$ cat target_8.tsv   # TSV, C-alpha atoms
chain	number	residue	atom	x	y	z
A	12	MET	CA	-21.21	75.51	-2.82
A	13	GLN	CA	-23.18	77.63	-0.37
A	14	GLY	CA	-25.99	78.06	-2.90
A	15	ARG	CA	-26.11	74.31	-3.45
A	16	LEU	CA	-26.34	73.64	0.29
A	17	MET	CA	-29.17	76.17	0.59
A	18	LEU	CA	-31.04	74.50	-2.28
A	19	GLU	CA	-30.66	71.07	-0.67
A	20	HIS	CA	-31.89	72.48	2.64
A	21	LEU	CA	-34.99	73.87	0.96
A	22	LEU	CA	-35.70	70.64	-0.89
A	23	ARG	CA	-35.63	68.72	2.39
A	24	ARG	CA	-38.71	70.66	3.38
A	25	ASP	CA	-40.52	68.95	0.53
A	26	ARG	CA	-44.10	69.37	1.63
A	27	LEU	CA	-43.60	73.04	2.51
A	28	VAL	CA	-41.95	73.68	-0.85
A	29	VAL	CA	-44.77	71.93	-2.71
A	30	ALA	CA	-47.49	73.72	-0.71
A	31	ILE	CA	-45.96	77.17	-1.18
A	32	GLY	CA	-45.17	76.46	-4.81
A	33	THR	CA	-48.71	75.31	-5.59
A	34	ALA	CA	-50.14	78.37	-3.85
A	35	ALA	CA	-47.74	80.61	-5.81
A	36	VAL	CA	-48.76	79.03	-9.13
A	37	ALA	CA	-52.44	79.57	-8.32
A	38	ALA	CA	-51.81	83.14	-7.11
A	39	LEU	CA	-49.92	84.05	-10.29
A	40	ALA	CA	-52.71	82.57	-12.39
A	41	TRP	CA	-55.34	84.58	-10.51
A	42	ALA	CA	-53.24	87.75	-10.90
A	43	TYR	CA	-53.05	87.14	-14.65
A	44	LEU	CA	-56.81	86.71	-14.85
A	45	ALA	CA	-57.44	89.82	-12.75
A	46	SER	CA	-55.23	91.82	-15.12
A	47	GLY	CA	-57.42	90.78	-18.04
A	48	ALA	CA	-55.43	87.78	-19.33
A	49	GLY	CA	-54.21	89.79	-22.29
A	50	MET	CA	-57.76	90.76	-23.28
A	51	ASP	CA	-59.24	94.26	-23.53
A	52	THR	CA	-61.73	93.74	-20.71
A	53	GLU	CA	-62.78	97.42	-20.69
A	54	MET	CA	-63.90	97.18	-24.31
A	55	MET	CA	-65.71	93.90	-23.51
A	56	ALA	CA	-67.58	95.61	-20.67
A	57	ASP	CA	-68.42	98.75	-22.67
A	58	MET	CA	-69.54	96.92	-25.82
A	59	PRO	CA	-70.71	93.45	-24.72
A	60	ASP	CA	-73.04	93.02	-27.69
A	61	MET	CA	-70.41	93.58	-30.34
A	62	ALA	CA	-69.29	90.69	-32.52
A	63	PRO	CA	-66.21	88.86	-31.21
A	64	MET	CA	-62.75	89.63	-32.61
A	65	PRO	CA	-61.76	87.94	-35.88
A	66	TRP	CA	-59.81	84.74	-35.40
A	67	THR	CA	-56.09	84.71	-36.14
A	68	PRO	CA	-53.39	82.25	-34.99
A	69	LEU	CA	-52.22	84.82	-32.44
A	70	TYR	CA	-55.75	85.35	-31.09
A	71	ALA	CA	-56.32	81.59	-30.85
A	72	ALA	CA	-53.03	81.18	-28.96
A	73	LEU	CA	-54.01	84.02	-26.61
A	74	LEU	CA	-57.35	82.34	-25.96
A	75	PHE	CA	-55.63	79.04	-25.23
A	76	VAL	CA	-53.31	80.71	-22.70
A	77	MET	CA	-56.30	82.49	-21.15
A	78	TRP	CA	-58.25	79.24	-20.76
A	79	TRP	CA	-55.28	77.28	-19.43
A	80	VAL	CA	-54.31	79.92	-16.89
A	81	MET	CA	-57.94	80.11	-15.83
A	82	MET	CA	-58.03	76.34	-15.29
A	83	ILE	CA	-54.78	76.52	-13.28
A	84	ALA	CA	-56.21	79.27	-11.08
A	85	MET	CA	-59.46	77.39	-10.51
A	86	MET	CA	-58.16	73.83	-10.13
A	87	ALA	CA	-54.65	73.97	-8.62
A	88	PRO	CA	-55.89	74.84	-5.07
A	89	SER	CA	-58.31	71.90	-4.93
A	90	ALA	CA	-55.59	69.55	-6.27
A	91	ALA	CA	-53.18	70.55	-3.50
A	92	PRO	CA	-54.26	67.83	-0.99
A	93	THR	CA	-53.53	65.07	-3.52
A	94	VAL	CA	-50.17	66.60	-4.50
A	95	LEU	CA	-49.14	66.98	-0.85
A	96	LEU	CA	-50.19	63.44	0.03
A	97	TYR	CA	-48.24	62.18	-2.97
A	98	ALA	CA	-45.16	64.07	-1.71
A	99	THR	CA	-45.61	62.54	1.75
A	100	VAL	CA	-45.79	58.99	0.37
A	101	LYS	CA	-42.81	59.59	-1.93
A	102	ARG	CA	-40.83	60.91	1.00
A	103	LYS	CA	-41.05	57.51	2.67
A	104	GLN	CA	-39.77	55.82	-0.50
A	105	GLU	CA	-37.20	58.29	-1.85
A	106	THR	CA	-34.96	61.07	-0.62
A	107	GLU	CA	-36.68	64.28	0.44
A	108	SER	CA	-35.33	66.20	-2.55
A	109	ARG	CA	-36.55	63.49	-4.93
A	110	ALA	CA	-39.99	63.55	-3.30
A	111	ALA	CA	-40.31	67.30	-3.90
A	112	ILE	CA	-39.20	67.03	-7.52
A	113	ASP	CA	-41.59	64.17	-8.28
A	114	ALA	CA	-44.43	66.07	-6.61
A	115	TRP	CA	-43.79	68.95	-9.00
A	116	ILE	CA	-43.79	66.51	-11.90
A	117	PHE	CA	-47.10	65.10	-10.64
A	118	LEU	CA	-48.52	68.64	-10.60
A	119	ALA	CA	-47.15	69.23	-14.11
A	120	GLY	CA	-48.99	66.16	-15.39
A	121	TYR	CA	-52.16	67.41	-13.72
A	122	LEU	CA	-51.86	70.79	-15.43
A	123	VAL	CA	-51.09	69.22	-18.81
A	124	ALA	CA	-54.42	67.39	-18.58
A	125	TRP	CA	-56.14	70.74	-18.14
A	126	ALA	CA	-54.17	72.10	-21.08
A	127	GLY	CA	-55.92	69.45	-23.18
A	128	PHE	CA	-59.28	70.63	-21.85
A	129	SER	CA	-58.31	74.24	-22.59
A	130	LEU	CA	-57.58	73.35	-26.20
A	131	ALA	CA	-61.02	71.72	-26.48
A	132	ALA	CA	-62.59	74.83	-24.91
A	133	VAL	CA	-60.91	77.10	-27.48
A	134	LEU	CA	-62.21	74.92	-30.32
A	135	ALA	CA	-65.70	75.03	-28.82
A	136	GLN	CA	-65.47	78.80	-28.43
A	137	GLY	CA	-64.39	79.14	-32.04
A	138	ALA	CA	-67.39	77.11	-33.20
A	139	LEU	CA	-69.82	79.15	-31.09
A	140	GLU	CA	-68.39	82.43	-32.35
A	141	ARG	CA	-68.53	81.21	-35.95
A	142	TYR	CA	-72.29	80.72	-35.60
A	143	GLY	CA	-72.77	84.06	-33.82
A	144	LEU	CA	-73.65	82.50	-30.47
A	145	LEU	CA	-71.08	84.40	-28.37
A	146	SER	CA	-70.79	88.12	-27.69
A	147	MET	CA	-67.69	90.27	-27.31
A	148	ALA	CA	-67.87	89.42	-23.59
A	149	MET	CA	-67.62	85.72	-24.57
A	150	ALA	CA	-71.09	85.04	-23.19
A	151	SER	CA	-73.97	83.26	-24.90
A	152	THR	CA	-76.16	85.49	-27.04
A	153	SER	CA	-78.86	82.80	-27.18
A	154	ALA	CA	-81.20	82.19	-24.28
A	155	ILE	CA	-81.92	78.73	-25.68
A	156	LEU	CA	-78.19	77.88	-25.73
A	157	GLY	CA	-77.67	79.32	-22.23
A	158	GLY	CA	-80.67	77.53	-20.80
A	159	GLY	CA	-79.68	74.29	-22.53
A	160	ILE	CA	-76.19	74.46	-21.05
A	161	LEU	CA	-77.61	75.05	-17.56
A	162	VAL	CA	-79.99	72.08	-17.85
A	163	ALA	CA	-77.33	69.78	-19.31
A	164	ALA	CA	-74.78	70.79	-16.67
A	165	GLY	CA	-77.36	70.13	-13.95
A	166	LEU	CA	-78.27	66.70	-15.31
A	167	TYR	CA	-74.59	65.77	-15.57
A	168	GLN	CA	-74.29	66.23	-11.80
A	169	PHE	CA	-76.42	63.07	-11.37
A	170	THR	CA	-74.59	60.82	-13.84
A	171	PRO	CA	-72.46	57.79	-12.82
A	172	LEU	CA	-69.44	59.31	-14.64
A	173	LYS	CA	-69.65	62.44	-12.50
A	174	HIS	CA	-69.89	60.39	-9.30
A	175	SER	CA	-67.06	58.05	-10.32
A	176	CYS	CA	-64.70	60.93	-11.10
A	177	LEU	CA	-65.71	62.89	-8.00
A	178	ARG	CA	-64.95	59.84	-5.88
A	179	TYR	CA	-61.28	59.95	-6.86
A	180	CYS	CA	-61.10	63.75	-6.71
A	181	GLU	CA	-62.45	63.98	-3.16
A	182	SER	CA	-60.33	61.08	-1.84
A	183	PRO	CA	-56.59	61.53	-2.54
A	184	LEU	CA	-55.80	58.35	-0.60
A	185	LEU	CA	-58.16	56.29	-2.76
A	186	PHE	CA	-56.66	57.70	-5.94
A	187	LEU	CA	-53.05	57.08	-4.88
A	188	SER	CA	-53.78	53.56	-3.64
A	189	ARG	CA	-55.55	52.59	-6.87
A	190	HIS	CA	-53.28	54.30	-9.40
A	191	TRP	CA	-49.79	54.39	-7.91
A	192	LEU	CA	-46.95	54.24	-10.43
A	193	PRO	CA	-43.23	54.30	-9.54
A	194	GLY	CA	-40.58	56.63	-10.90
A	195	THR	CA	-40.53	60.07	-12.45
A	196	LEU	CA	-42.51	59.04	-15.52
A	197	GLY	CA	-45.00	57.40	-13.17
A	198	ALA	CA	-45.38	60.72	-11.32
A	199	PHE	CA	-46.24	62.50	-14.56
A	200	ARG	CA	-48.67	59.79	-15.65
A	201	MET	CA	-50.36	59.82	-12.24
A	202	GLY	CA	-50.76	63.60	-12.43
A	203	LEU	CA	-52.18	63.26	-15.93
A	204	ARG	CA	-54.65	60.63	-14.76
A	205	HIS	CA	-55.70	62.64	-11.72
A	206	GLY	CA	-56.23	65.64	-13.98
A	207	SER	CA	-58.37	63.45	-16.26
A	208	TYR	CA	-60.58	62.47	-13.32
A	209	CYS	CA	-60.94	66.14	-12.34
A	210	ILE	CA	-61.88	67.02	-15.91
A	211	GLY	CA	-64.49	64.25	-15.88
A	212	CYS	CA	-65.81	65.68	-12.63
A	213	CYS	CA	-65.82	69.38	-13.51
A	214	TRP	CA	-65.82	69.91	-17.28
A	215	PHE	CA	-69.50	70.74	-17.55
A	216	LEU	CA	-69.16	73.24	-14.72
A	217	MET	CA	-66.48	75.00	-16.76
A	218	VAL	CA	-68.82	75.09	-19.77
A	219	LEU	CA	-71.07	77.30	-17.61
A	220	LEU	CA	-68.56	80.08	-18.32
A	221	PHE	CA	-70.09	80.34	-21.78
A	222	VAL	CA	-73.34	81.32	-20.04
A	223	GLY	CA	-72.03	84.00	-17.70
A	224	GLY	CA	-69.02	85.13	-19.74
A	225	VAL	CA	-65.66	83.39	-20.11
A	226	MET	CA	-63.82	86.35	-18.57
A	227	ASN	CA	-66.48	87.18	-15.96
A	228	LEU	CA	-64.48	87.08	-12.71
A	229	THR	CA	-67.62	86.69	-10.61
A	230	TRP	CA	-68.53	83.47	-12.45
A	231	ILE	CA	-64.91	82.27	-12.40
A	232	ILE	CA	-64.57	82.77	-8.64
A	233	GLY	CA	-68.00	81.29	-7.96
A	234	ILE	CA	-67.31	78.13	-9.95
A	235	ALA	CA	-63.82	77.80	-8.42
A	236	LEU	CA	-65.23	78.03	-4.88
A	237	TYR	CA	-67.96	75.52	-5.69
A	238	VAL	CA	-65.47	73.05	-7.23
A	239	ALA	CA	-63.24	73.32	-4.14
A	240	ALA	CA	-66.22	72.76	-1.83
A	241	GLU	CA	-67.45	69.78	-3.84
A	242	LYS	CA	-64.03	68.11	-3.73
A	243	LEU	CA	-62.88	69.04	-0.22
A	244	LEU	CA	-66.00	69.02	1.95
A	245	PRO	CA	-67.28	65.71	3.40
A	246	PHE	CA	-70.75	66.14	1.86
A	247	GLY	CA	-69.53	66.63	-1.71
A	248	ARG	CA	-72.00	64.12	-3.19
A	249	ARG	CA	-75.02	65.83	-1.65
A	250	LEU	CA	-73.66	69.22	-2.67
A	251	SER	CA	-73.31	67.91	-6.23
A	252	HIS	CA	-76.94	66.81	-6.30
A	253	ALA	CA	-78.15	70.10	-4.83
A	254	ALA	CA	-76.18	72.09	-7.41
A	255	GLY	CA	-77.53	69.86	-10.16
A	256	ALA	CA	-81.12	70.51	-9.11
A	257	ILE	CA	-80.52	74.28	-8.97
A	258	LEU	CA	-78.88	74.28	-12.41
A	259	VAL	CA	-81.71	72.29	-13.99
A	260	LEU	CA	-84.33	74.57	-12.43
A	261	SER	CA	-82.43	77.70	-13.53
A	262	GLY	CA	-82.06	76.37	-17.06
A	263	MET	CA	-85.77	75.54	-17.31
A	264	ILE	CA	-86.66	79.07	-16.19
A	265	VAL	CA	-84.34	80.56	-18.83
A	266	LEU	CA	-85.77	78.30	-21.52
A	267	ALA	CA	-89.37	79.06	-20.49
A	268	ARG	CA	-88.71	82.80	-20.78
A	269	ALA	CA	-87.16	82.28	-24.23
A	270	MET	CA	-90.25	80.54	-25.58
$ encode --input "target_8.tsv" --output "structure tokens"
Amino acid sequence: MQGRLMLEHLLRRDRLVVAIGTAAVAALAWAYLASGAGMDTEMMADMPDMAPMPWTPLYAALLFVMWWVMMIAMMAPSAAPTVLLYATVKRKQETESRAAIDAWIFLAGYLVAWAGFSLAAVLAQGALERYGLLSMAMASTSAILGGGILVAAGLYQFTPLKHSCLRYCESPLLFLSRHWLPGTLGAFRMGLRHGSYCIGCCWFLMVLLFVGGVMNLTWIIGIALYVAAEKLLPFGRRLSHAAGAILVLSGMIVLARAM
């Protein structure tokens, strides 16, 4: 009985529970990445030009987990404002405990969307490795491929799809007002849809990991900080355009040197 009362007391502090829980999920994901995500990072660093490991079902599953955990680490912090606002709105409609539970379900839907992206990333990585375009460090071995990715990622920053998705990512209130669905299933579907908008906003930025190295923590942290700034700062649109111009210019320099 005492344990049940303690649980109910904690659930009443719904926003605090959701905030701490989201931070804990992101922290665990970053710790997993820092530990190497199940990969032999020392061997990758010592022999970056070696051919990648042969593909097996276990290796593919390990890559999927690596990509998904990486997406959780990079995207969960910037999704926190939307999750917390959702919990606040739900709190006015439901009990406090129900609001906290549905907020977690919303976050689960968001992360499932990124699981779908992670699966696509593993398939893309498999194709690149099959054609010898990735090194042991999971970085592009082709200057033309790397430069092409940089240019394409930069141009994507100016597209209407990017701006449309960024609009919902940077404004939690706009997203919730346009896409509100009642109930527990509605919470999951809303999280899934919000995750889809974030994928539409950021997927090409994640593809940049194939340029710098999928397990390169410097690139991972840099992209994560940029994504958070683009979504949370008031000048996200201008920042997006500036980053796009820099990416296009960098890609053209890489391609010019490869010619």
$ residues_around --input "target_8.tsv" --residues "region 198-212 of chain A" --least-positions-apart "5" --cutoff "10 Å" --atoms "all atoms listed in the file" --output "ChimeraX atom specification"
/A:86,89-90,93-94,97,101,112-128,167-168,172-181,183,186-187,190-193,217,238,241-242
$ closest_residue --input "target_8.tsv" --among "A:Leu219, A:Leu44, A:Met77, A:Leu236" --to "Gly159 (chain A)" --atoms "only C-alpha atoms"
A:Leu219
$ atom_distance --input "target_8.tsv" --atom1 "CA of Thr33 (chain A)" --atom2 "CA of Pro92 (chain A)"
10.4 Å
$ atom_distance --input "target_8.tsv" --atom1 "CA of Phe169 (chain A)" --atom2 "CA of Cys213 (chain A)"
12.5 Å
$ closest_residue --input "target_8.tsv" --among "A:Leu145, A:Met226, A:Leu161, A:Val218" --to "Val80 (chain A)" --atoms "all atoms listed in the file"
A:Met226
$ atom_distance --input "target_8.tsv" --atom1 "CA of Leu96 (chain A)" --atom2 "CA of Leu184 (chain A)"
7.6 Å
$ closest_residue --input "target_8.tsv" --among "A:Ala154, A:Ala131, A:Val225, A:Ala163" --to "Leu258 (chain A)" --atoms "only C-alpha atoms"
A:Ala163
$ residues_near_point --input "target_8.tsv" --point "(-65.4, 81.1, -11.2)" --cutoff "12 Å" --atoms "all atoms listed in the file" --output "PyMOL selection string"
chain A and resi 41+44-45+81-86+213+216-239
$ closest_residue --input "target_8.tsv" --among "A:Leu243, A:Ser153, A:Ile31, A:Ala164" --to "Ile257 (chain A)" --atoms "all atoms listed in the file"
A:Ala164
